[in-house]
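Asks: Here you go, this is input-v7.cif (mmCIF, C-alpha atoms (C1' of nucleotides)).
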```cif
data_target
loop_
_atom_site.group_PDB
_atom_site.id
_atom_site.type_symbol
_atom_site.label_atom_id
_atom_site.label_comp_id
_atom_site.auth_asym_id
_atom_site.auth_seq_id
_atom_site.Cartn_x
_atom_site.Cartn_y
_atom_site.Cartn_z
ATOM 1 C CA MET C 16 86.417 103.302 86.892
ATOM 2 C CA THR C 17 87.006 99.601 86.328
ATOM 3 C CA GLU C 18 89.450 97.613 88.409
ATOM 4 C CA ILE C 19 93.039 98.186 87.516
ATOM 5 C CA SER C 20 95.693 95.607 88.282
ATOM 6 C CA LYS C 21 98.872 96.144 90.247
ATOM 7 C CA THR C 22 100.916 96.025 87.089
ATOM 8 C CA GLU C 23 98.642 98.490 85.350
ATOM 9 C CA PHE C 24 98.982 100.749 88.357
ATOM 10 C CA GLU C 25 102.718 100.821 87.865
ATOM 11 C CA VAL C 26 102.276 101.960 84.308
ATOM 12 C CA LEU C 27 99.866 104.598 85.504
ATOM 13 C CA GLU C 28 102.514 105.788 87.923
ATOM 14 C CA ALA C 29 104.794 106.472 85.014
ATOM 15 C CA ILE C 30 102.063 108.479 83.343
ATOM 16 C CA TRP C 31 101.296 110.468 86.468
ATOM 17 C CA GLN C 32 104.950 111.471 86.518
ATOM 18 C CA GLY C 33 104.134 113.766 83.619
ATOM 19 C CA HIS C 34 101.542 113.782 80.889
ATOM 20 C CA PRO C 35 100.550 113.665 78.129
ATOM 21 C CA ALA C 36 103.335 111.133 77.726
ATOM 22 C CA SER C 37 104.220 109.119 74.666
ATOM 23 C CA ALA C 38 104.501 105.360 74.844
ATOM 24 C CA GLN C 39 108.232 105.803 74.431
ATOM 25 C CA GLN C 40 108.496 108.158 77.368
ATOM 26 C CA ILE C 41 106.407 105.889 79.511
ATOM 27 C CA ILE C 42 108.529 102.904 78.606
ATOM 28 C CA GLU C 43 111.693 104.803 79.406
ATOM 29 C CA ARG C 44 110.397 105.950 82.756
ATOM 30 C CA LEU C 45 109.399 102.442 83.642
ATOM 31 C CA ASN C 46 112.653 100.964 82.502
ATOM 32 C CA GLU C 47 114.546 102.986 85.036
ATOM 33 C CA THR C 48 113.372 100.496 87.576
ATOM 34 C CA LYS C 49 111.562 97.700 85.793
ATOM 35 C CA PRO C 50 112.828 95.699 82.856
ATOM 36 C CA TRP C 51 109.544 95.446 81.070
ATOM 37 C CA HIS C 52 109.389 94.662 77.427
ATOM 38 C CA GLU C 53 108.136 97.445 75.216
ATOM 39 C CA LYS C 54 105.367 95.205 73.900
ATOM 40 C CA THR C 55 104.234 94.448 77.388
ATOM 41 C CA VAL C 56 103.914 98.096 78.285
ATOM 42 C CA LYS C 57 102.002 98.819 75.101
ATOM 43 C CA THR C 58 99.585 96.038 75.846
ATOM 44 C CA LEU C 59 99.014 97.490 79.282
ATOM 45 C CA LEU C 60 98.475 100.936 77.838
ATOM 46 C CA ASN C 61 95.930 99.551 75.442
ATOM 47 C CA ARG C 62 94.067 97.744 78.145
ATOM 48 C CA MET C 63 93.934 100.817 80.292
ATOM 49 C CA VAL C 64 92.540 102.822 77.431
ATOM 50 C CA LYS C 65 89.778 100.249 77.055
ATOM 51 C CA LYS C 66 89.146 100.373 80.779
ATOM 52 C CA GLU C 67 88.972 104.139 80.529
ATOM 53 C CA ALA C 68 91.728 104.607 83.052
ATOM 54 C CA ILE C 69 93.692 106.673 80.539
ATOM 55 C CA ASN C 70 93.126 108.244 77.147
ATOM 56 C CA PHE C 71 95.385 109.519 74.405
ATOM 57 C CA GLU C 72 95.774 112.075 71.699
ATOM 58 C CA LYS C 73 97.345 111.171 68.440
ATOM 59 C CA VAL C 74 100.274 113.243 67.268
ATOM 60 C CA GLN C 75 101.580 112.061 63.955
ATOM 61 C CA ARG C 76 102.029 108.368 64.323
ATOM 62 C CA SER C 77 102.411 108.415 68.090
ATOM 63 C CA TYR C 78 99.969 108.455 70.941
ATOM 64 C CA PHE C 79 100.310 110.675 73.975
ATOM 65 C CA TYR C 80 98.628 109.258 77.009
ATOM 66 C CA SER C 81 97.023 110.958 79.984
ATOM 67 C CA PRO C 82 95.381 109.585 83.116
ATOM 68 C CA LEU C 83 91.646 109.930 83.492
ATOM 69 C CA PHE C 84 91.813 110.261 87.251
ATOM 70 C CA ALA C 85 94.268 111.665 89.744
ATOM 71 C CA ARG C 86 96.717 109.547 91.637
ATOM 72 C CA ASP C 87 95.282 110.752 94.925
ATOM 73 C CA GLU C 88 91.819 109.860 93.933
ATOM 74 C CA TYR C 89 92.868 106.351 93.096
ATOM 75 C CA THR C 90 95.097 105.665 96.084
ATOM 76 C CA PHE C 91 92.462 106.977 98.423
ATOM 77 C CA LYS C 92 89.805 104.793 96.881
ATOM 78 C CA GLU C 93 92.049 101.745 97.175
ATOM 79 C CA SER C 94 92.986 102.571 100.743
ATOM 80 C CA LYS C 95 89.371 102.913 101.731
ATOM 81 C CA SER C 96 88.562 99.654 100.030
ATOM 82 C CA LEU C 97 91.269 97.785 101.910
ATOM 83 C CA ILE C 98 90.294 99.333 105.209
ATOM 84 C CA GLU C 99 86.705 98.469 104.522
ATOM 85 C CA ARG C 100 87.492 94.862 103.722
ATOM 86 C CA MET C 101 90.021 94.187 106.454
ATOM 87 C CA PHE C 102 89.178 96.537 109.285
ATOM 88 C CA SER C 103 85.438 97.137 109.021
ATOM 89 C CA GLY C 104 86.155 100.569 107.699
ATOM 90 C CA ARG C 105 88.057 101.687 110.776
ATOM 91 C CA LEU C 106 91.404 103.388 110.316
ATOM 92 C CA SER C 107 92.853 102.889 113.772
ATOM 93 C CA PRO C 108 93.251 99.101 113.649
ATOM 94 C CA LEU C 109 95.521 99.612 110.704
ATOM 95 C CA VAL C 110 97.493 102.366 112.374
ATOM 96 C CA SER C 111 97.635 100.245 115.476
ATOM 97 C CA HIS C 112 99.389 97.510 113.573
ATOM 98 C CA PHE C 113 102.077 99.916 112.518
ATOM 99 C CA VAL C 114 102.487 101.554 115.857
ATOM 100 C CA LYS C 115 102.833 98.262 117.648
ATOM 101 C CA SER C 116 105.155 96.661 115.178
ATOM 102 C CA ASP C 117 107.850 99.207 115.528
ATOM 103 C CA GLU C 118 107.456 100.311 111.941
ATOM 104 C CA LEU C 119 107.273 103.987 112.756
ATOM 105 C CA THR C 120 109.966 106.553 113.307
ATOM 106 C CA LYS C 121 109.907 109.650 115.462
ATOM 107 C CA ASP C 122 109.205 111.635 112.314
ATOM 108 C CA ASP C 123 106.287 109.474 111.353
ATOM 109 C CA ILE C 124 104.799 110.046 114.772
ATOM 110 C CA SER C 125 105.332 113.776 114.438
ATOM 111 C CA GLU C 126 103.471 113.777 111.200
ATOM 112 C CA LEU C 127 100.613 111.863 112.658
ATOM 113 C CA LYS C 128 100.417 114.304 115.546
ATOM 114 C CA ASP C 129 100.359 117.196 113.142
ATOM 115 C CA LEU C 130 97.545 115.615 111.229
ATOM 116 C CA ILE C 131 95.568 115.134 114.408
ATOM 117 C CA ASN C 132 96.158 118.714 115.474
ATOM 118 C CA GLN C 133 94.993 119.847 112.131
ATOM 119 C CA TRP C 134 91.849 117.793 112.445
ATOM 120 C CA GLU C 135 91.179 119.211 115.913
ATOM 121 C CA LYS C 136 91.645 122.707 114.669
ATOM 122 C CA ASP C 137 89.245 122.134 111.799
ATOM 123 C CA ASN C 138 86.713 120.214 113.817
ATOM 124 C CA GLY C 139 86.486 119.547 117.574
ATOM 125 C CA MET S 1 102.156 82.260 101.506
ATOM 126 C CA THR S 2 100.841 82.598 97.961
ATOM 127 C CA GLU S 3 98.566 85.423 96.905
ATOM 128 C CA ILE S 4 95.018 85.026 98.016
ATOM 129 C CA SER S 5 92.167 86.724 96.192
ATOM 130 C CA LYS S 6 89.563 89.024 97.697
ATOM 131 C CA THR S 7 86.956 86.319 97.439
ATOM 132 C CA GLU S 8 89.211 83.765 99.047
ATOM 133 C CA PHE S 9 89.851 86.233 101.825
ATOM 134 C CA GLU S 10 86.152 86.347 102.558
ATOM 135 C CA VAL S 11 86.075 82.597 102.939
ATOM 136 C CA LEU S 12 89.071 82.817 105.210
ATOM 137 C CA GLU S 13 87.175 85.329 107.324
ATOM 138 C CA ALA S 14 84.521 82.721 107.917
ATOM 139 C CA ILE S 15 87.170 80.260 109.001
ATOM 140 C CA TRP S 16 88.847 82.735 111.323
ATOM 141 C CA GLN S 17 85.485 83.148 113.018
ATOM 142 C CA GLY S 18 86.103 79.745 114.558
ATOM 143 C CA HIS S 19 88.068 76.693 113.601
ATOM 144 C CA PRO S 20 88.474 73.901 112.791
ATOM 145 C CA ALA S 21 85.272 74.475 110.839
ATOM 146 C CA SER S 22 83.498 72.075 108.523
ATOM 147 C CA ALA S 23 82.642 73.089 104.997
ATOM 148 C CA GLN S 24 79.025 73.185 106.091
ATOM 149 C CA GLN S 25 79.745 75.564 108.925
ATOM 150 C CA ILE S 26 81.793 77.783 106.700
ATOM 151 C CA ILE S 27 79.078 77.876 104.096
ATOM 152 C CA GLU S 28 76.485 78.735 106.701
ATOM 153 C CA ARG S 29 78.585 81.524 108.141
ATOM 154 C CA LEU S 30 79.143 82.963 104.712
ATOM 155 C CA ASN S 31 75.516 82.694 103.750
ATOM 156 C CA GLU S 32 74.532 85.009 106.536
ATOM 157 C CA THR S 33 75.734 87.795 104.356
ATOM 158 C CA LYS S 34 76.684 86.379 100.976
ATOM 159 C CA PRO S 35 74.542 84.163 98.784
ATOM 160 C CA TRP S 36 77.347 81.973 97.530
ATOM 161 C CA HIS S 37 76.672 78.596 96.090
ATOM 162 C CA GLU S 38 77.903 75.682 98.142
ATOM 163 C CA LYS S 39 79.978 74.457 95.216
ATOM 164 C CA THR S 40 81.619 77.807 94.867
ATOM 165 C CA VAL S 41 82.694 77.847 98.474
ATOM 166 C CA LYS S 42 84.031 74.316 98.203
ATOM 167 C CA THR S 43 86.076 75.244 95.180
ATOM 168 C CA LEU S 44 87.545 78.169 97.064
ATOM 169 C CA LEU S 45 88.338 75.965 100.039
ATOM 170 C CA ASN S 46 90.103 73.544 97.760
ATOM 171 C CA ARG S 47 92.125 76.245 96.134
ATOM 172 C CA MET S 48 93.184 77.646 99.448
ATOM 173 C CA VAL S 49 94.298 74.227 100.594
ATOM 174 C CA LYS S 50 96.456 73.992 97.485
ATOM 175 C CA LYS S 51 97.818 77.455 98.150
ATOM 176 C CA GLU S 52 98.576 76.402 101.692
ATOM 177 C CA ALA S 53 96.472 79.151 103.155
ATOM 178 C CA ILE S 54 94.429 76.618 105.086
ATOM 179 C CA ASN S 55 94.577 72.927 105.906
ATOM 180 C CA PHE S 56 92.057 70.363 107.105
ATOM 181 C CA GLU S 57 91.602 67.262 109.151
ATOM 182 C CA LYS S 58 89.313 64.552 108.006
ATOM 183 C CA VAL S 59 86.613 63.431 110.383
ATOM 184 C CA GLN S 60 84.512 60.678 108.904
ATOM 185 C CA ARG S 61 83.553 61.908 105.501
ATOM 186 C CA SER S 62 83.891 65.588 106.303
ATOM 187 C CA TYR S 63 86.792 67.963 106.368
ATOM 188 C CA PHE S 64 87.413 70.456 109.110
ATOM 189 C CA TYR S 65 89.402 73.438 107.955
ATOM 190 C CA SER S 66 91.809 75.697 109.797
ATOM 191 C CA PRO S 67 93.768 78.755 108.700
ATOM 192 C CA LEU S 68 97.512 78.456 108.350
ATOM 193 C CA PHE S 69 98.131 82.048 109.365
ATOM 194 C CA ALA S 70 96.465 84.528 111.647
ATOM 195 C CA ARG S 71 94.118 87.201 110.431
ATOM 196 C CA ASP S 72 96.342 89.892 111.897
ATOM 197 C CA GLU S 73 99.360 88.554 110.167
ATOM 198 C CA TYR S 74 97.605 88.654 106.838
ATOM 199 C CA THR S 75 95.933 92.032 107.152
ATOM 200 C CA PHE S 76 99.146 93.592 108.309
ATOM 201 C CA LYS S 77 101.051 92.148 105.402
ATOM 202 C CA GLU S 78 98.447 93.416 102.956
ATOM 203 C CA SER S 79 98.386 96.837 104.565
ATOM 204 C CA LYS S 80 102.123 97.127 104.351
ATOM 205 C CA SER S 81 102.038 96.031 100.759
ATOM 206 C CA LEU S 82 99.494 98.667 99.812
ATOM 207 C CA ILE S 83 101.326 101.384 101.697
ATOM 208 C CA GLU S 84 104.530 100.315 100.037
ATOM 209 C CA ARG S 85 103.039 100.418 96.554
ATOM 210 C CA MET S 86 101.016 103.595 96.891
ATOM 211 C CA PHE S 87 102.764 105.708 99.499
ATOM 212 C CA SER S 88 106.413 104.719 99.292
ATOM 213 C CA GLY S 89 106.037 102.864 102.519
ATOM 214 C CA ARG S 90 104.961 105.896 104.538
ATOM 215 C CA LEU S 91 101.900 105.642 106.729
ATOM 216 C CA SER S 92 101.090 109.290 107.142
ATOM 217 C CA PRO S 93 100.091 110.031 103.556
ATOM 218 C CA LEU S 94 97.379 107.448 103.964
ATOM 219 C CA VAL S 95 96.252 108.803 107.293
ATOM 220 C CA SER S 96 96.377 112.266 105.831
ATOM 221 C CA HIS S 97 93.861 111.288 103.201
ATOM 222 C CA PHE S 98 91.436 110.176 105.846
ATOM 223 C CA VAL S 99 91.954 113.129 108.101
ATOM 224 C CA LYS S 100 91.433 115.597 105.325
ATOM 225 C CA SER S 101 88.462 113.912 103.793
ATOM 226 C CA ASP S 102 86.311 114.133 106.842
ATOM 227 C CA GLU S 103 86.174 110.383 107.188
ATOM 228 C CA LEU S 104 87.102 110.366 110.848
ATOM 229 C CA THR S 105 85.009 110.791 113.954
ATOM 230 C CA LYS S 106 85.976 112.201 117.314
ATOM 231 C CA ASP S 107 86.359 108.637 118.538
ATOM 232 C CA ASP S 108 88.657 107.716 115.705
ATOM 233 C CA ILE S 109 90.849 110.644 116.584
ATOM 234 C CA SER S 110 90.861 109.639 120.219
ATOM 235 C CA GLU S 111 92.018 106.205 119.290
ATOM 236 C CA LEU S 112 94.781 107.580 117.147
ATOM 237 C CA LYS S 113 95.909 109.807 119.985
ATOM 238 C CA ASP S 114 95.974 106.873 122.336
ATOM 239 C CA LEU S 115 98.079 104.922 119.907
ATOM 240 C CA ILE S 116 100.523 107.766 119.645
ATOM 241 C CA ASN S 117 100.711 108.149 123.407
ATOM 242 C CA GLN S 118 101.375 104.480 123.664
ATOM 243 C CA TRP S 119 104.156 104.734 121.141
ATOM 244 C CA GLU S 120 105.689 107.667 122.987
ATOM 245 C CA LYS S 121 105.546 105.822 126.251
ATOM 246 C CA ASP S 122 107.230 102.777 124.730
ATOM 247 C CA ASN S 123 109.769 104.727 122.738
ATOM 248 C CA GLY S 124 110.461 108.453 122.831
ATOM 249 C "C1'" DA V 21 112.433 104.226 45.160
ATOM 250 C "C1'" DA V 22 113.600 100.212 48.002
ATOM 251 C "C1'" DA V 23 114.816 98.517 52.323
ATOM 252 C "C1'" DT V 24 114.398 99.175 57.048
ATOM 253 C "C1'" DA V 25 112.592 100.704 61.260
ATOM 254 C "C1'" DT V 26 108.959 102.265 64.197
ATOM 255 C "C1'" DT V 27 103.920 102.681 65.765
ATOM 256 C "C1'" DG V 28 100.057 100.912 67.081
ATOM 257 C "C1'" DA V 29 96.593 96.834 66.296
ATOM 258 C "C1'" DT V 30 95.757 92.247 66.639
ATOM 259 C "C1'" DT V 31 96.689 87.735 68.232
ATOM 260 C "C1'" DA V 32 98.657 84.328 71.585
ATOM 261 C "C1'" DC V 33 98.822 81.718 75.508
ATOM 262 C "C1'" DA V 34 99.217 80.004 80.178
ATOM 263 C "C1'" DA V 35 97.810 81.156 85.031
ATOM 264 C "C1'" DT V 36 94.413 82.912 88.062
ATOM 265 C "C1'" DT V 37 89.737 83.987 89.364
ATOM 266 C "C1'" DG V 38 84.693 83.724 89.847
ATOM 267 C "C1'" DT V 39 81.185 80.709 89.538
ATOM 268 C "C1'" DA V 40 79.437 76.561 89.336
ATOM 269 C "C1'" DG V 41 78.222 71.583 87.275
ATOM 270 C "C1'" DT V 42 79.241 66.535 87.039
ATOM 271 C "C1'" DC V 43 81.315 62.324 88.876
ATOM 272 C "C1'" DT V 44 82.422 59.015 92.538
ATOM 273 C "C1'" DT V 45 81.873 57.076 96.699
ATOM 274 C "C1'" DA V 46 80.216 56.506 101.172
ATOM 275 C "C1'" DA V 47 76.146 56.960 104.248
ATOM 276 C "C1'" DC V 48 71.467 57.079 105.344
ATOM 277 C "C1'" DT V 49 66.579 55.892 104.497
ATOM 278 C "C1'" DA V 50 62.575 53.561 103.068
ATOM 279 C "C1'" DT A 2 68.836 45.952 100.017
ATOM 280 C "C1'" DA A 3 67.905 49.517 96.652
ATOM 281 C "C1'" DG A 4 67.409 54.272 96.099
ATOM 282 C "C1'" DT A 5 68.608 58.785 97.612
ATOM 283 C "C1'" DT A 6 71.834 62.069 99.805
ATOM 284 C "C1'" DA A 7 75.763 64.294 100.902
ATOM 285 C "C1'" DA A 8 81.086 64.986 100.738
ATOM 286 C "C1'" DG A 9 84.623 65.880 98.321
ATOM 287 C "C1'" DA A 10 87.175 65.350 93.571
ATOM 288 C "C1'" DC A 11 87.325 66.592 89.136
ATOM 289 C "C1'" DT A 12 85.864 69.280 85.174
ATOM 290 C "C1'" DA A 13 84.182 73.555 82.917
ATOM 291 C "C1'" DC A 14 84.362 77.876 81.106
ATOM 292 C "C1'" DA A 15 84.619 82.816 80.372
ATOM 293 C "C1'" DA A 16 87.133 87.020 82.064
ATOM 294 C "C1'" DT A 17 91.300 88.998 83.627
ATOM 295 C "C1'" DT A 18 96.237 89.229 83.952
ATOM 296 C "C1'" DG A 19 101.166 88.923 82.784
ATOM 297 C "C1'" DT A 20 104.004 88.674 79.140
ATOM 298 C "C1'" DA A 21 104.963 89.071 74.738
ATOM 299 C "C1'" DA A 22 105.032 87.973 69.258
ATOM 300 C "C1'" DT A 23 103.201 88.981 64.748
ATOM 301 C "C1'" DC A 24 100.898 91.971 61.434
ATOM 302 C "C1'" DA A 25 99.918 96.259 58.986
ATOM 303 C "C1'" DA A 26 100.785 100.826 57.990
ATOM 304 C "C1'" DT A 27 103.700 104.684 57.931
ATOM 305 C "C1'" DA A 28 108.310 106.978 58.337
ATOM 306 C "C1'" DT A 29 112.987 107.124 57.720
ATOM 307 C "C1'" DT A 30 117.278 105.884 55.680
ATOM 308 C "C1'" DT A 31 120.149 104.477 51.900
#
```
Could you write out this file's structure as structure tokens?

Replies:
Amino acid sequence: MTEISKTEFEVLEAIWQGHPASAQQIIERLNETKPWHEKTVKTLLNRMVKKEAINFEKVQRSYFYSPLFARDEYTFKESKSLIERMFSGRLSPLVSHFVKSDELTKDDISELKDLINQWEKDNG
Amino acid sequence: MTEISKTEFEVLEAIWQGHPASAQQIIERLNETKPWHEKTVKTLLNRMVKKEAINFEKVQRSYFYSPLFARDEYTFKESKSLIERMFSGRLSPLVSHFVKSDELTKDDISELKDLINQWEKDNG
DNA sequence: AAATATTGATTACAATTGTAGTCTTAACTA
DNA sequence: TAGTTAAGACTACAATTGTAATCAATATTT
């Protein structure tokens, strides 16, 4: 899958919310938070079709778009890429940043502990 | 600080390795792993000066560059940005990905546990 | 049926990015 | 001192990105 820009990602988000989705639906979903011009969104949709990030089926005059990869797949790939580039592929330096900067709540810590327990159950 | 591209970040890495650093030094450091043309690196240095990501002091005919922000500061900002955009600002969904995908070693888990213990000592 | 509106396709256009090449000037070398 | 290097400045140029406007074809509304 080719690179997709931050803006394109936001359009993809709207598609992941539910698909196949018409351009109109996508525009409406986006406009709940972002005042993007209809033409702008359509351009982005077009570009993503060319990049094979999404495809569409034609129904009458309208197109209904669907993603060509799952949100999880994409976010994971991006996360790995960032961690690769900035932390030599190691996760803990990133987590360390958060832990030390007081960005985490008690609940966040609980979740992390659960994840670790899970890992230890599955492995270790 | 303006946006800096992935390529620019790699040049910055070379500067963070030790500074002030001359263009020559930076180019040499980079060329240990990346076959970038001298002119290319100089262009990137120039752009980063304009973006105020780095500055320089002139010594004779040469420039000696220094970063205008710390590596940690930058990587943390980028990490937060990604987590904001992809995981609604929550860290654990990202960690979850890694835990579940068998990307972590025993040592990674140990480090995470230590971080959590540290947090609990400081807070909790 | 004629006018209007709606869809997508095509075109636009400046800013950024990757990747250098050329120009100018100062320094070194023969 | 004249020619050659080496530094940085300036220029280049296509691809991508953000942000639409215009065009063409089809529906919908009078």

Asks: Expand the PyMOL selection byres ((chain S) within 9 of (chain A)) into the individual residues it matches in the shown file, reporting them as a list in words.

Replies: Lys42, Arg61, Ser62 and Tyr63 of chain S

Asks: Once you have the residues from the selection above, write them out as a compact mmCIF listing (two decimals), in the coordinates of the input, restricted to C-alpha atoms.

Replies:
```txt
# COMPACT_ATOMS: atom_id res chain seq x y z
CA LYS S 42 84.03 74.32 98.20
CA ARG S 61 83.55 61.91 105.50
CA SER S 62 83.89 65.59 106.30
CA TYR S 63 86.79 67.96 106.37
```

Asks: Could you list the residues chosen by the PyMOL selection byres ((chain V) within 8 of (chain S)) in this structure as a PyMOL selection string?

Replies: chain V and resi 37+39-40+46

Asks: When the PyMOL selection byres ((chain C and resi 65-72) around 12) is applied to the structure above, which residues does it catch, written out as a VMD selection string?

Replies: (chain C and resid 16 to 20 23 to 24 26 to 31 34 to 38 58 to 64 73 to 86 89) or (chain A and resid 17)

Asks: For chain S, list the residues within 9 Å of chain C, counting only C-alpha atoms, and write the list as number ranges by chain.

Replies: S: 6, 10, 72, 75-76, 78-80, 82-83, 85-87, 90-92, 94-100, 102, 104, 106, 108-109, 111-113, 115-116, 118-120, 123-124

Asks: I'd like the interatomic distance between C1' of DA32 in chain V and CA of Asn46 in chain C, to a tenth of an Å.

Replies: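 Value for the C1' of DA32 in chain V-CA of Asn46 in chain C distance: 24.3 Å.
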
Asks: Record the distance separating CA of Leu45 in chain C and CA of Gln32 in chain C, expressed in Å with one decimal.

Replies: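 Computing the Euclidean distance for CA of Leu45 in chain C and CA of Gln32 in chain C yields 10.5 Å.
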
Asks: I'd like the interatomic distance between C1' of DA50 in chain V and CA of Gln25 in chain S, to a tenth of an Å.

Replies: 28.5 Å

Asks: Edge lengths and centre, in Å to one decimal, as AutoDock Vina command-line options: that's what I need for the box along x, y and z that holds all listed atoms of range 46-59 of chain C plus 3 Å on each side.

Replies:
```
--center_x 106.8 --center_y 98.7 --center_z 80.7 --size_x 21.5 --size_y 14.5 --size_z 19.7
```

Asks: Can you fill out range 10-26 of chain S with N, CA, C and O atoms and hand it back as a PDB file, in the coordinates of the input?

Replies:
```
ATOM      1  N   GLU S  10      87.449  86.364 101.875  1.00  0.00           N
ATOM      2  CA  GLU S  10      86.152  86.347 102.558  1.00  0.00           C
ATOM      3  C   GLU S  10      85.835  84.967 103.118  1.00  0.00           C
ATOM      4  O   GLU S  10      85.226  84.847 104.185  1.00  0.00           O
ATOM      5  N   VAL S  11      86.266  83.944 102.416  1.00  0.00           N
ATOM      6  CA  VAL S  11      86.075  82.597 102.939  1.00  0.00           C
ATOM      7  C   VAL S  11      86.965  82.398 104.172  1.00  0.00           C
ATOM      8  O   VAL S  11      86.540  81.845 105.187  1.00  0.00           O
ATOM      9  N   LEU S  12      88.161  82.889 104.068  1.00  0.00           N
ATOM     10  CA  LEU S  12      89.071  82.817 105.210  1.00  0.00           C
ATOM     11  C   LEU S  12      88.466  83.503 106.430  1.00  0.00           C
ATOM     12  O   LEU S  12      88.578  83.004 107.556  1.00  0.00           O
ATOM     13  N   GLU S  13      87.819  84.612 106.222  1.00  0.00           N
ATOM     14  CA  GLU S  13      87.175  85.329 107.324  1.00  0.00           C
ATOM     15  C   GLU S  13      86.228  84.394 108.072  1.00  0.00           C
ATOM     16  O   GLU S  13      86.207  84.362 109.300  1.00  0.00           O
ATOM     17  N   ALA S  14      85.472  83.641 107.293  1.00  0.00           N
ATOM     18  CA  ALA S  14      84.521  82.721 107.917  1.00  0.00           C
ATOM     19  C   ALA S  14      85.252  81.663 108.727  1.00  0.00           C
ATOM     20  O   ALA S  14      84.758  81.209 109.766  1.00  0.00           O
ATOM     21  N   ILE S  15      86.406  81.268 108.258  1.00  0.00           N
ATOM     22  CA  ILE S  15      87.170  80.260 109.001  1.00  0.00           C
ATOM     23  C   ILE S  15      87.765  80.869 110.274  1.00  0.00           C
ATOM     24  O   ILE S  15      87.743  80.267 111.339  1.00  0.00           O
ATOM     25  N   TRP S  16      88.277  82.079 110.144  1.00  0.00           N
ATOM     26  CA  TRP S  16      88.847  82.735 111.323  1.00  0.00           C
ATOM     27  C   TRP S  16      87.800  82.914 112.420  1.00  0.00           C
ATOM     28  O   TRP S  16      88.142  82.959 113.597  1.00  0.00           O
ATOM     29  N   GLN S  17      86.561  83.014 112.019  1.00  0.00           N
ATOM     30  CA  GLN S  17      85.485  83.148 113.018  1.00  0.00           C
ATOM     31  C   GLN S  17      85.505  82.011 114.035  1.00  0.00           C
ATOM     32  O   GLN S  17      85.043  82.170 115.164  1.00  0.00           O
ATOM     33  N   GLY S  18      86.042  80.878 113.644  1.00  0.00           N
ATOM     34  CA  GLY S  18      86.103  79.745 114.558  1.00  0.00           C
ATOM     35  C   GLY S  18      86.529  78.517 113.804  1.00  0.00           C
ATOM     36  O   GLY S  18      85.986  78.233 112.757  1.00  0.00           O
ATOM     37  N   HIS S  19      87.552  77.838 114.313  1.00  0.00           N
ATOM     38  CA  HIS S  19      88.068  76.693 113.601  1.00  0.00           C
ATOM     39  C   HIS S  19      88.626  75.674 114.560  1.00  0.00           C
ATOM     40  O   HIS S  19      88.918  76.017 115.718  1.00  0.00           O
ATOM     41  N   PRO S  20      88.822  74.454 114.102  1.00  0.00           N
ATOM     42  CA  PRO S  20      88.474  73.901 112.791  1.00  0.00           C
ATOM     43  C   PRO S  20      86.984  74.059 112.486  1.00  0.00           C
ATOM     44  O   PRO S  20      86.165  73.945 113.400  1.00  0.00           O
ATOM     45  N   ALA S  21      86.668  74.302 111.229  1.00  0.00           N
ATOM     46  CA  ALA S  21      85.272  74.475 110.839  1.00  0.00           C
ATOM     47  C   ALA S  21      84.983  73.585 109.632  1.00  0.00           C
ATOM     48  O   ALA S  21      85.790  73.528 108.698  1.00  0.00           O
ATOM     49  N   SER S  22      83.877  72.928 109.652  1.00  0.00           N
ATOM     50  CA  SER S  22      83.498  72.075 108.523  1.00  0.00           C
ATOM     51  C   SER S  22      83.060  72.939 107.354  1.00  0.00           C
ATOM     52  O   SER S  22      82.691  74.112 107.528  1.00  0.00           O
ATOM     53  N   ALA S  23      83.096  72.366 106.179  1.00  0.00           N
ATOM     54  CA  ALA S  23      82.642  73.089 104.997  1.00  0.00           C
ATOM     55  C   ALA S  23      81.230  73.613 105.235  1.00  0.00           C
ATOM     56  O   ALA S  23      80.928  74.778 104.935  1.00  0.00           O
ATOM     57  N   GLN S  24      80.407  72.767 105.804  1.00  0.00           N
ATOM     58  CA  GLN S  24      79.025  73.185 106.091  1.00  0.00           C
ATOM     59  C   GLN S  24      78.972  74.429 106.967  1.00  0.00           C
ATOM     60  O   GLN S  24      78.250  75.384 106.670  1.00  0.00           O
ATOM     61  N   GLN S  25      79.740  74.404 108.032  1.00  0.00           N
ATOM     62  CA  GLN S  25      79.745  75.564 108.925  1.00  0.00           C
ATOM     63  C   GLN S  25      80.210  76.818 108.199  1.00  0.00           C
ATOM     64  O   GLN S  25      79.627  77.890 108.337  1.00  0.00           O
ATOM     65  N   ILE S  26      81.244  76.639 107.428  1.00  0.00           N
ATOM     66  CA  ILE S  26      81.793  77.783 106.700  1.00  0.00           C
ATOM     67  C   ILE S  26      80.752  78.339 105.739  1.00  0.00           C
ATOM     68  O   ILE S  26      80.530  79.550 105.657  1.00  0.00           O
TER      69      ILE S  26
END
```
